[in-house]
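First comes the structure, then the notes that go with it.
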Amino acid sequence: MPWHLAHVWNIPLYISDLVHTGGNFMVDGLGAGFASNLIYQENSYTPQEIESILGAYMGMDTLYIFQRISGEYTGHIDMWGKLLDDHTAMIAYYPPGDPNHNLLNQHAQTFANIKNGAGVYFDTVRIPSPPPYSGVYRSYTNSLFINDKVLLPIYNHPYDATAIQIYQQAMPGYDIRTFDCSDIIESGGAVHCITKLVALPKQPGPEIALFKFTPPLRYRLIGGNPGSSFLLQLSIDTQKPVVVTIIDCSGRIVRSPYSHIKGEGSHQIPIDLTDLPEGVYILRVRVGSESITEKLVLIH
């Protein structure tokens, strides 16, 4: 579908070959991401390259990596952790003697030492997990939030009632709905693992009017991003001057491929960044008082 839409709408298509499953990815909405070290095991990129790619594609500033728990085959962070909001993390708990007891205590302490994007330390909520059964781990953190509802997996276990009570205390005002996941947990996960989205029935809506607007500037970036060399194609429908610059993370202009372009029509601008340090840069194209920006991930 992305390939088709890019062709039909004549817009740039950005592709990444990073392998990163949804069950192993959490964000606080303020620039921080969280995953287990499974992401290192599934990719040949270096940790720095992975963080740069996620920064470019997801707008993340920081990626926190946690050791995956022992014996749980998915390796996903949602099997032991859950962000309840932008400053509260729910962490599973196993009793002393369990191989993951100490590890999850360390993960909880790590979260408590992390500041979110607003500079607030994370609060932690611990929730007991049923012991593994026939090698299968069962998790109450594998839940899903839908507006004011929490879809909570349960397992016909005595801890179910405790889990419901902990969610009610941690998320007052939310409607806690339970789903027996005793069978499906053995086949790939619980509620969060198997869910992409929960759709609403068809809703009546207002009439929608579509107005065609032709922007004064259209662009297409050719070349691998991440990469070190790019070709910028511009289609200009105005006589206003166009300024193209490359900016580093400190806000310093490091390259002006073409400082000023005038005249309607198509222009091609080669951008060579091979002499710059690896990292994230901003491509800025300014037309009069308006500007567009694009993140460039520089990898040699």
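Residues in the structure tokens are named by chain (A, B, ... in the order shown) and by number from 1 within that chain; ligands are numbered from 1 in the order shown.
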
For the interface of stretch 82-186 of chain A with stretch 46-68 of chain A (cut-off 10 Å, counting only C-alpha atoms), please tabulate each contacting residue of stretch 82-186 of chain A alongside its nearest pair of atoms and their separation in Å to one decimal, rows sorted by chain and increasing number, as a tab-separated table.
```
residue	atom	partner	partner_atom	distance
A:Asn100	CA	A:Arg68	CA	9.6
A:Leu103	CA	A:Gln67	CA	8.1
A:Leu104	CA	A:Gln67	CA	9.4
A:Gln106	CA	A:Phe66	CA	9.7
A:His107	CA	A:Phe66	CA	7.1
A:Thr110	CA	A:Phe66	CA	9.0
A:Phe111	CA	A:Tyr64	CA	9.5
A:Ile114	CA	A:Tyr64	CA	9.3
A:Asn116	CA	A:Thr62	CA	9.8
A:Gly117	CA	A:Asp61	CA	8.8
```

Item to check | Exercise: stretch 121-137 of chain A partners within 6 Å, only C-alpha atoms, chain neighbours under 3 positions left out, as a PyMOL selection string | outcome: chain A and resi 87-93+112+114-115

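Taking stretch 108-218 of chain A and asking which residues DSSP calls strand (DSSP E) on the backbone, you get Asp123, Thr124, Val125, Arg126, Ile127, Pro128, Leu144, Phe145, Ile146, Lys149, Val150, Leu151, Leu152, Pro153, Ile154, Asp175, Ile176, Arg177, Thr178, Phe179, Asp180, Leu217 and Arg218 of chain A.
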
Could you turn the residues from that selection into a file that holds N, CA and C atoms, as a JSON list (two decimals), in the first residue's frame?
```json
[["chain", "number", "residue", "atom", "x", "y", "z"],
["A", 123, "ASP", "N", 7.30, 7.19, 37.85],
["A", 123, "ASP", "CA", 6.78, 6.39, 38.95],
["A", 123, "ASP", "C", 6.68, 4.95, 38.47],
["A", 124, "THR", "N", 6.82, 4.01, 39.39],
["A", 124, "THR", "CA", 6.71, 2.60, 39.01],
["A", 124, "THR", "C", 5.61, 1.93, 39.82],
["A", 125, "VAL", "N", 4.85, 1.08, 39.15],
["A", 125, "VAL", "CA", 3.80, 0.27, 39.76],
["A", 125, "VAL", "C", 4.17, -1.19, 39.51],
["A", 126, "ARG", "N", 4.24, -1.99, 40.55],
["A", 126, "ARG", "CA", 4.57, -3.40, 40.39],
["A", 126, "ARG", "C", 3.29, -4.24, 40.38],
["A", 127, "ILE", "N", 3.30, -5.25, 39.53],
["A", 127, "ILE", "CA", 2.14, -6.14, 39.41],
["A", 127, "ILE", "C", 2.63, -7.58, 39.35],
["A", 128, "PRO", "N", 2.12, -8.45, 40.24],
["A", 128, "PRO", "CA", 2.60, -9.84, 40.25],
["A", 128, "PRO", "C", 2.17, -10.59, 38.99],
["A", 144, "LEU", "N", -4.20, -3.40, 26.68],
["A", 144, "LEU", "CA", -4.39, -2.42, 25.62],
["A", 144, "LEU", "C", -5.34, -1.33, 26.12],
["A", 145, "PHE", "N", -5.01, -0.08, 25.84],
["A", 145, "PHE", "CA", -5.86, 1.05, 26.21],
["A", 145, "PHE", "C", -6.66, 1.50, 25.00],
["A", 146, "ILE", "N", -7.96, 1.62, 25.17],
["A", 146, "ILE", "CA", -8.84, 2.13, 24.12],
["A", 146, "ILE", "C", -9.67, 3.25, 24.74],
["A", 149, "LYS", "N", -11.04, 2.86, 28.29],
["A", 149, "LYS", "CA", -11.15, 1.44, 28.65],
["A", 149, "LYS", "C", -9.76, 0.79, 28.64],
["A", 150, "VAL", "N", -9.60, -0.18, 29.54],
["A", 150, "VAL", "CA", -8.40, -1.00, 29.58],
["A", 150, "VAL", "C", -8.81, -2.44, 29.30],
["A", 151, "LEU", "N", -8.25, -3.00, 28.24],
["A", 151, "LEU", "CA", -8.51, -4.40, 27.90],
["A", 151, "LEU", "C", -7.41, -5.24, 28.55],
["A", 152, "LEU", "N", -7.78, -5.95, 29.61],
["A", 152, "LEU", "CA", -6.81, -6.61, 30.48],
["A", 152, "LEU", "C", -6.86, -8.12, 30.30],
["A", 153, "PRO", "N", -5.72, -8.75, 29.98],
["A", 153, "PRO", "CA", -5.72, -10.21, 29.88],
["A", 153, "PRO", "C", -5.75, -10.86, 31.28],
["A", 154, "ILE", "N", -6.52, -11.91, 31.42],
["A", 154, "ILE", "CA", -6.53, -12.70, 32.64],
["A", 154, "ILE", "C", -6.34, -14.17, 32.26],
["A", 175, "ASP", "N", -12.43, 2.14, 32.72],
["A", 175, "ASP", "CA", -13.27, 0.94, 32.73],
["A", 175, "ASP", "C", -12.39, -0.26, 32.41],
["A", 176, "ILE", "N", -12.17, -1.14, 33.40],
["A", 176, "ILE", "CA", -11.29, -2.29, 33.23],
["A", 176, "ILE", "C", -12.11, -3.45, 32.68],
["A", 177, "ARG", "N", -11.81, -3.87, 31.46],
["A", 177, "ARG", "CA", -12.49, -5.01, 30.83],
["A", 177, "ARG", "C", -11.51, -6.18, 30.75],
["A", 178, "THR", "N", -11.93, -7.36, 31.20],
["A", 178, "THR", "CA", -11.02, -8.51, 31.21],
["A", 178, "THR", "C", -11.33, -9.48, 30.08],
["A", 179, "PHE", "N", -10.27, -10.16, 29.62],
["A", 179, "PHE", "CA", -10.38, -11.14, 28.55],
["A", 179, "PHE", "C", -9.55, -12.36, 28.94],
["A", 180, "ASP", "N", -10.18, -13.53, 28.94],
["A", 180, "ASP", "CA", -9.46, -14.75, 29.28],
["A", 180, "ASP", "C", -8.52, -15.12, 28.15],
["A", 217, "LEU", "N", 5.76, 24.73, -3.72],
["A", 217, "LEU", "CA", 6.96, 23.91, -3.81],
["A", 217, "LEU", "C", 6.62, 22.46, -3.55],
["A", 218, "ARG", "N", 7.08, 21.59, -4.42],
["A", 218, "ARG", "CA", 7.00, 20.15, -4.20],
["A", 218, "ARG", "C", 8.40, 19.59, -4.30]]
```

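The shortest atom-to-atom distance to A:Asn37, with only C-alpha atoms taken into account, belongs to A:Ile77 out of A:Trp3, A:Asp160, A:Ile77, A:Asn10.
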
Item to check | Contacts of A:Gly119 at 12 Å (only C-alpha atoms; same-chain gap of 5+ positions) as an MDAnalysis selection string | outcome: chainID A and resid 30:32 86:87 113:114

How would the residues just picked look written out with N, CA and C atoms as a PDB file, in the first residue's frame?
```
ATOM      1  N   LEU A  30       6.857  11.840  24.665  1.00  0.00           N
ATOM      2  CA  LEU A  30       7.662  13.036  24.896  1.00  0.00           C
ATOM      3  C   LEU A  30       9.086  12.865  24.391  1.00  0.00           C
ATOM      4  N   GLY A  31       9.258  11.932  23.446  1.00  0.00           N
ATOM      5  CA  GLY A  31      10.560  11.783  22.817  1.00  0.00           C
ATOM      6  C   GLY A  31      11.383  10.598  23.256  1.00  0.00           C
ATOM      7  N   ALA A  32      10.874   9.788  24.205  1.00  0.00           N
ATOM      8  CA  ALA A  32      11.623   8.630  24.684  1.00  0.00           C
ATOM      9  C   ALA A  32      10.966   7.342  24.219  1.00  0.00           C
ATOM     10  N   ASP A  86       2.615   9.155  30.631  1.00  0.00           N
ATOM     11  CA  ASP A  86       3.949   9.609  30.231  1.00  0.00           C
ATOM     12  C   ASP A  86       4.945   9.657  31.381  1.00  0.00           C
ATOM     13  N   HIS A  87       4.504   9.272  32.593  1.00  0.00           N
ATOM     14  CA  HIS A  87       5.450   9.278  33.711  1.00  0.00           C
ATOM     15  C   HIS A  87       5.223   8.109  34.679  1.00  0.00           C
ATOM     16  N   ASN A 113      14.766   5.830  37.758  1.00  0.00           N
ATOM     17  CA  ASN A 113      15.867   6.784  37.602  1.00  0.00           C
ATOM     18  C   ASN A 113      15.814   7.540  36.278  1.00  0.00           C
ATOM     19  N   ILE A 114      14.797   7.273  35.453  1.00  0.00           N
ATOM     20  CA  ILE A 114      14.669   7.920  34.147  1.00  0.00           C
ATOM     21  C   ILE A 114      13.739   9.129  34.259  1.00  0.00           C
TER      22      ILE A 114
END
```

8 Å contact set for stretch 272-276 of chain A, only C-alpha atoms, chain neighbours under 2 positions out, as an mmCIF file with C-alpha atoms, in the first residue's frame:
```
data_model
loop_
_atom_site.group_PDB
_atom_site.id
_atom_site.type_symbol
_atom_site.label_atom_id
_atom_site.label_comp_id
_atom_site.auth_asym_id
_atom_site.auth_seq_id
_atom_site.Cartn_x
_atom_site.Cartn_y
_atom_site.Cartn_z
ATOM 1 C CA SER A 228 25.435 9.965 2.828
ATOM 2 C CA SER A 229 24.493 11.207 -0.661
ATOM 3 C CA PHE A 230 21.083 12.396 -1.795
ATOM 4 C CA PRO A 270 22.953 16.905 -5.393
ATOM 5 C CA GLU A 278 27.437 10.552 11.165
ATOM 6 C CA LEU A 298 23.795 10.345 7.819
ATOM 7 C CA HIS A 300 28.798 6.366 5.978
#
```
